[in-house]
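Trainee: structure.csv is reproduced below (CSV, C-alpha atoms and all ligand atoms).
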chain,number,residue,atom,x,y,z
K,93,ASN,CA,38.5,29.3,-34.3
K,94,CYS,CA,41.5,30.3,-36.3
K,95,LYS,CA,43.9,27.7,-37.7
K,96,SER,CA,47.3,29.3,-37.3
K,97,THR,CA,48.6,30.7,-40.5
K,98,GLY,CA,52.1,31.4,-39.2
K,99,SER,CA,53.8,33.0,-36.3
K,100,GLN,CA,55.3,36.4,-35.3
K,101,SER,CA,57.2,37.2,-32.2
K,102,VAL,CA,56.3,40.4,-30.4
K,103,SER,CA,58.9,42.2,-28.4
K,104,GLU,CA,57.2,45.5,-28.3
K,105,THR,CA,53.5,46.1,-27.6
K,106,ILE,CA,51.4,46.4,-30.7
K,107,ARG,CA,49.3,49.5,-30.4
K,108,VAL,CA,46.0,49.9,-32.2
K,109,ASN,CA,44.4,53.3,-31.9
K,110,GLY,CA,41.0,53.1,-33.4
K,111,GLY,CA,40.3,51.2,-36.7
K,112,VAL,CA,40.7,47.5,-37.3
K,113,TYR,CA,43.8,45.3,-36.8
K,114,ASP,CA,43.3,42.0,-38.6
K,115,GLY,CA,45.9,39.4,-37.4
K,116,LYS,CA,44.9,37.1,-40.2
K,117,CYS,CA,45.0,34.1,-37.8
K,118,LYS,CA,48.8,34.5,-37.2
K,119,THR,CA,50.1,33.3,-33.8
K,120,PHE,CA,51.6,36.2,-31.9
K,121,ASN,CA,54.3,35.1,-29.5
K,122,PRO,CA,55.4,37.5,-26.8
K,123,THR,CA,59.2,37.5,-26.1
K,124,SER,CA,60.7,38.0,-22.7
K,125,ALA,CA,60.8,41.7,-23.5
K,126,LEU,CA,57.1,41.7,-22.6
K,127,GLY,CA,57.2,39.2,-19.8
K,128,ASP,CA,57.3,35.6,-19.0
K,129,GLY,CA,53.6,34.9,-18.6
K,130,SER,CA,54.0,34.3,-14.9
K,131,GLN,CA,52.0,36.1,-12.2
K,132,ASN,CA,54.5,39.0,-12.2
K,133,GLU,CA,52.5,42.2,-12.3
K,134,SER,CA,55.0,44.2,-14.3
K,135,GLN,CA,54.6,42.5,-17.6
K,136,LYS,CA,53.6,44.4,-20.8
K,137,PRO,CA,50.6,43.7,-23.0
K,138,VAL,CA,50.9,42.1,-26.4
K,139,PHE,CA,48.2,44.4,-27.8
K,140,ARG,CA,47.1,47.8,-26.6
K,141,LEU,CA,43.7,48.8,-28.0
K,142,GLU,CA,42.5,52.3,-27.8
K,143,ASN,CA,39.4,54.4,-28.7
K,144,GLY,CA,37.1,51.7,-30.1
K,145,ALA,CA,39.7,49.8,-32.0
K,146,THR,CA,38.8,46.3,-33.2
K,147,LEU,CA,41.3,43.4,-32.9
K,148,LYS,CA,40.4,40.3,-34.9
K,149,ASN,CA,41.7,37.0,-36.1
K,150,VAL,CA,44.5,36.7,-33.7
K,151,ILE,CA,46.1,33.8,-31.7
K,152,ILE,CA,48.2,34.8,-28.7
K,153,GLY,CA,50.6,32.0,-28.2
K,154,ASN,CA,53.5,31.0,-26.0
K,155,ASN,CA,53.5,32.9,-22.8
K,156,GLY,CA,50.6,35.4,-22.8
K,157,ALA,CA,52.5,38.2,-21.0
K,158,ASP,CA,49.9,40.7,-19.9
K,159,GLY,CA,47.5,39.9,-22.7
K,160,ILE,CA,45.5,42.8,-24.1
K,161,HIS,CA,45.0,46.3,-22.5
K,162,VAL,CA,42.0,48.4,-23.5
K,163,TYR,CA,41.7,52.1,-23.2
K,164,ASN,CA,38.4,53.8,-24.1
K,165,GLY,CA,36.6,50.8,-25.5
K,166,ALA,CA,37.4,48.1,-28.0
K,167,THR,CA,36.0,45.0,-29.8
K,168,VAL,CA,37.9,41.8,-29.6
K,169,GLU,CA,36.7,39.2,-32.1
K,170,ASN,CA,37.9,35.8,-33.0
K,171,VAL,CA,40.9,35.8,-30.7
K,172,ARG,CA,42.4,32.8,-28.9
K,173,TRP,CA,44.7,33.0,-26.0
K,174,THR,CA,46.4,29.6,-26.0
K,175,ASN,CA,48.2,30.1,-22.7
K,176,VAL,CA,46.9,33.1,-20.7
K,177,GLY,CA,49.7,34.9,-18.9
K,178,GLU,CA,49.3,37.2,-15.8
K,179,ASP,CA,45.8,37.9,-17.2
K,180,ALA,CA,44.2,37.9,-20.6
K,181,LEU,CA,42.6,41.3,-21.0
K,182,THR,CA,42.5,44.4,-18.8
K,183,VAL,CA,40.1,47.3,-19.0
K,184,LYS,CA,42.5,50.2,-18.2
K,185,SER,CA,40.2,53.2,-18.6
K,186,SER,CA,36.5,54.0,-18.4
K,187,GLY,CA,34.7,55.2,-21.4
K,188,GLY,CA,33.7,53.2,-24.5
K,189,LYS,CA,32.4,49.7,-24.3
K,190,VAL,CA,34.4,46.5,-24.3
K,191,VAL,CA,33.0,43.8,-26.6
K,192,LEU,CA,34.5,40.3,-26.8
K,193,ARG,CA,33.0,37.8,-29.2
K,194,ASN,CA,34.0,34.5,-30.5
K,195,ILE,CA,36.9,34.1,-28.2
K,196,GLU,CA,38.8,31.2,-26.6
K,197,ALA,CA,41.2,31.3,-23.7
K,198,TYR,CA,43.1,28.5,-22.0
K,199,ASP,CA,45.4,27.7,-19.1
K,200,GLY,CA,45.7,30.9,-17.0
K,201,SER,CA,46.8,30.7,-13.4
K,202,ASP,CA,44.5,33.4,-12.0
K,203,LYS,CA,42.3,35.9,-14.0
K,204,PHE,CA,40.9,35.8,-17.4
K,205,LEU,CA,39.5,39.4,-17.4
K,206,GLN,CA,40.6,42.2,-15.1
K,207,ALA,CA,38.5,45.4,-14.8
K,208,ASN,CA,40.5,48.3,-13.5
K,209,ALA,CA,38.1,51.1,-14.4
K,210,ALA,CA,34.3,51.7,-14.6
K,211,SER,CA,33.2,49.9,-17.7
K,212,THR,CA,30.6,47.9,-19.6
K,213,ILE,CA,31.9,44.6,-20.8
K,214,GLN,CA,30.0,42.3,-23.1
K,215,VAL,CA,31.3,38.8,-23.7
K,216,SER,CA,29.6,36.4,-26.1
K,217,ALA,CA,30.4,33.1,-27.8
K,218,CYS,CA,33.4,32.2,-25.6
K,219,THR,CA,35.2,29.1,-24.5
K,220,VAL,CA,37.3,29.7,-21.3
K,221,ASP,CA,39.0,26.7,-19.7
K,222,SER,CA,41.4,26.3,-16.8
K,223,MET,CA,42.1,29.5,-14.8
K,224,GLY,CA,41.3,31.0,-11.4
K,225,LYS,CA,38.4,33.2,-12.3
K,226,PHE,CA,36.6,34.6,-15.3
K,227,ILE,CA,36.6,38.2,-14.3
K,228,ARG,CA,37.9,40.2,-11.3
K,229,GLN,CA,37.1,43.8,-10.7
K,230,ASN,CA,40.3,45.3,-9.2
K,231,GLY,CA,40.4,44.4,-5.6
K,232,GLY,CA,39.0,47.1,-3.2
K,233,THR,CA,37.6,49.3,-6.0
K,234,LYS,CA,34.0,50.6,-5.8
K,235,PHE,CA,33.4,51.9,-9.3
K,236,PRO,CA,30.6,50.3,-11.3
K,237,VAL,CA,31.4,47.5,-13.7
K,238,SER,CA,28.6,46.0,-15.8
K,239,ILE,CA,29.4,42.6,-17.3
K,240,THR,CA,27.3,40.4,-19.4
K,241,VAL,CA,28.3,36.9,-20.6
K,242,ASP,CA,26.2,35.0,-23.1
K,243,ASN,CA,26.6,31.8,-25.0
K,244,CYS,CA,29.8,30.8,-23.3
K,245,SER,CA,31.3,27.6,-22.2
K,246,ILE,CA,33.3,28.0,-19.0
K,247,ALA,CA,35.2,25.1,-17.4
K,248,ASN,CA,37.6,24.5,-14.6
K,249,MET,CA,37.7,27.8,-12.7
K,250,LYS,CA,39.6,27.3,-9.5
K,251,GLU,CA,37.6,30.1,-7.8
K,252,GLY,CA,34.6,31.0,-9.9
K,253,ILE,CA,33.2,33.4,-12.5
K,254,PHE,CA,32.4,36.9,-11.3
K,255,ARG,CA,34.3,38.6,-8.5
K,256,THR,CA,34.0,42.1,-7.2
K,257,ASP,CA,34.3,44.2,-4.1
K,258,SER,CA,31.9,46.8,-5.5
K,259,SER,CA,28.2,47.0,-4.6
K,260,ALA,CA,27.8,49.2,-7.6
K,261,SER,CA,28.6,46.5,-10.1
K,262,THR,CA,26.4,44.1,-12.0
K,263,ALA,CA,26.9,40.7,-13.7
K,264,ARG,CA,24.7,38.4,-15.7
K,265,ILE,CA,25.4,35.1,-17.4
K,266,THR,CA,22.9,33.6,-19.9
K,267,ASN,CA,22.7,30.6,-22.3
K,268,SER,CA,26.0,29.2,-21.1
K,269,THR,CA,27.5,25.9,-20.1
K,270,LEU,CA,29.4,25.7,-16.8
K,271,ASP,CA,31.5,22.7,-15.9
K,272,ASN,CA,33.5,22.7,-12.7
K,273,ALA,CA,33.3,26.5,-12.9
K,274,GLY,CA,33.3,27.3,-9.2
K,275,SER,CA,31.0,30.0,-7.7
K,276,ILE,CA,29.1,32.2,-10.1
K,277,CYS,CA,29.0,35.3,-7.9
K,278,ILE,CA,31.8,36.1,-5.5
K,279,GLY,CA,31.6,39.3,-3.4
K,280,LYS,CA,29.0,42.0,-2.9
K,281,TRP,CA,27.5,42.7,-6.3
K,282,LYS,CA,24.6,45.1,-6.8
K,283,SER,CA,23.2,42.3,-8.8
K,284,CYS,CA,24.6,39.0,-10.1
K,285,THR,CA,22.3,36.6,-11.9
K,286,SER,CA,22.4,33.6,-14.1
K,287,ALA,CA,19.9,32.0,-16.5
K,288,ASN,CA,21.6,29.1,-18.2
K,301,LIG,O1,46.1,47.7,-7.3
K,301,LIG,O2,46.6,47.7,-9.8
K,301,LIG,O3,46.4,42.9,-10.8
K,301,LIG,O4,45.8,44.9,-13.6
K,301,LIG,C1,47.0,46.9,-7.6
K,301,LIG,C2,47.3,46.7,-9.0
K,301,LIG,C3,46.8,45.3,-9.4
K,301,LIG,C4,46.8,45.2,-10.9
K,301,LIG,C5,46.0,44.0,-11.4
K,301,LIG,C6,46.2,43.9,-12.9
K,301,LIG,O5,45.5,45.1,-8.9
K,301,LIG,O6,48.1,45.1,-11.3
K,301,LIG,O7,46.8,42.9,-13.4
K,302,CA,CA,47.1,41.1,-12.0
K,303,CA,CA,47.7,42.2,-15.4
Turn the structure described in the file into structure tokens.
Mentor:
Amino acid sequence: NCKSTGSQSVSETIRVNGGVYDGKCKTFNPTSALGDGSQNESQKPVFRLENGATLKNVIIGNNGADGIHVYNGATVENVRWTNVGEDALTVKSSGGKVVLRNIEAYDGSDKFLQANAASTIQVSACTVDSMGKFIRQNGGTKFPVSITVDNCSIANMKEGIFRTDSSASTARITNSTLDNAGSICIGKWKSCTSAN
């Protein structure tokens, strides 16, 4: 819910290794050095969070490039992606917990979240509108991902909300509003439930 306090272009990934990075509600605009926000898989992230880092009060503007990469857990709080790029946030390593709260994301073409490693992902107080799917566990992978979504408003997903190929993974959505959000559970989950 930030009102932008100014803008900053980003031509090199901002690394946050532990601790807190407070963006003070600035709009961070990736340049072409990071990518063009298309579905090209070789783009770089705007932020790389490691070892339990907290990123807060940030607006990711313009093209979203490859969003945020997380290694070994992070908290993402009060962050808005105005124009999601290839994807918005990727879990790159197992270990740690990934917590997203008070976030908004708009206008992606495919994925919002991408889980590329065994992980626990907790999302609460979110608004996500207009993309392909809310979360995708990397295609063909069998590791366990545990995802919970609470108090979110999800609209206009072309495909749906949770997608995995892993029968070790679990997903649950509670207290949320879904509007034209596609299928809630796609693929062979260990469990996938909703109580909205
Ligand atoms: O296995 O890892 O789309 O992180 C293929 C690749 C691909 C990833 C993923 C991502 O799945 O690049 O954006
Ligand atoms: Ca991708
Ligand atoms: Ca990506």
Trainee: Which value, in Å to one decimal, gives the distance between CA of Asp202 in chain K and CA of Asn149 in chain K?
Mentor: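 Answer for the CA of Asp202 in chain K to CA of Asn149 in chain K separation: 24.5 Å.
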Trainee: Please identify all protein, DNA and RNA residues within 9 Å of ligand LIG 301 (chain K), counting all atoms listed in the file, and report them as a PyMOL selection string.
Mentor: chain K and resi 131-135+158+178-179+181-184+203+206-208+228-233
Trainee: Ranking K:Thr105, K:Ser130, K:Asn93, K:Thr146 by minimum distance to Trp173 in chain K and counting all atoms listed in the file, which one comes first?
Mentor: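 Comparing K:Thr105, K:Ser130, K:Asn93, K:Thr146 against Trp173 in chain K, the winner is K:Asn93.
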Trainee: Tell me, as JSON, numbers by chain, which residues lie within 12 Å of range 249-254 of chain K, counting all atoms listed in the file; anything in the same chain fewer than 6 positions away does not count.
Mentor: {"K": [198, 199, 200, 201, 202, 203, 204, 205, 206, 207, 220, 221, 222, 223, 224, 225, 226, 227, 228, 229, 230, 237, 238, 239, 240, 241, 261, 262, 263, 264, 265, 268, 270, 271, 272, 273, 274, 275, 276, 277, 278, 279, 280, 281, 283, 284, 285, 286]}
Trainee: Rounded to one decimal, what separation in Å do you get between CA of Ser185 in chain K and CA of Phe235 in chain K?
Mentor: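 CA of Phe235 in chain K lies at a distance of 11.6 Å from CA of Ser185 in chain K.
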Trainee: Could you check how far CA of Thr123 in chain K sits from CA of Leu192 in chain K, in Å to one decimal?
Mentor: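 CA of Leu192 in chain K lies 24.9 Å from CA of Thr123 in chain K.
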Trainee: If we count only C-alpha atoms, what is near Cys218 in chain K at a cut-off of 10 Å, once residues fewer than 2 positions away on the same chain are taken out, given as a ChimeraX atom specification?
Mentor: /K:170-172,192-197,215-216,220-221,241-246,268
Trainee: Given the choices K:Gly129, K:Gly153, K:Gly144, K:Pro236, which gets closest to ligand CA 302 (chain K) if the distance is worked out from all atoms listed in the file?
Mentor: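 Among K:Gly129, K:Gly153, K:Gly144, K:Pro236, it is K:Gly129 that comes nearest to ligand CA 302 (chain K).
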Trainee: Which residue out of K:Thr167, K:Asn248, K:Thr119, K:Ser103 has the minimum interatomic distance to Val138 in chain K when all atoms listed in the file are used?
Mentor: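 Smallest separation from Val138 in chain K among the options: K:Ser103.
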Trainee: Please work out which residues fall within 7 Å of (30.8, 47.8, -2.3), coordinates as given in the file, with all atoms listed in the file counting, and return them as a list in words.
Mentor: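 I get Lys234, Asp257, Ser258, Ser259, Ala260 and Lys280 of chain K for the residues within 7 Å of that point.
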Trainee: Of the residues K:His161, K:Asn288, K:Ala166, K:Glu142, which is the one nearest to ligand CA 302 (chain K), using all atoms listed in the file?
Mentor: K:His161
Trainee: Between K:Ala217, K:Asn267, K:Ala180, K:Lys189, which one has atoms that come closest to ligand CA 302 (chain K), using all atoms listed in the file?
Mentor: K:Ala180
Trainee: Between K:Lys148, K:Ile160, K:Ala125, K:Gly187, which is the closest to Ile106 in chain K once you count all atoms listed in the file?
Mentor: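 Among K:Lys148, K:Ile160, K:Ala125, K:Gly187, it is K:Ile160 that comes nearest to Ile106 in chain K.
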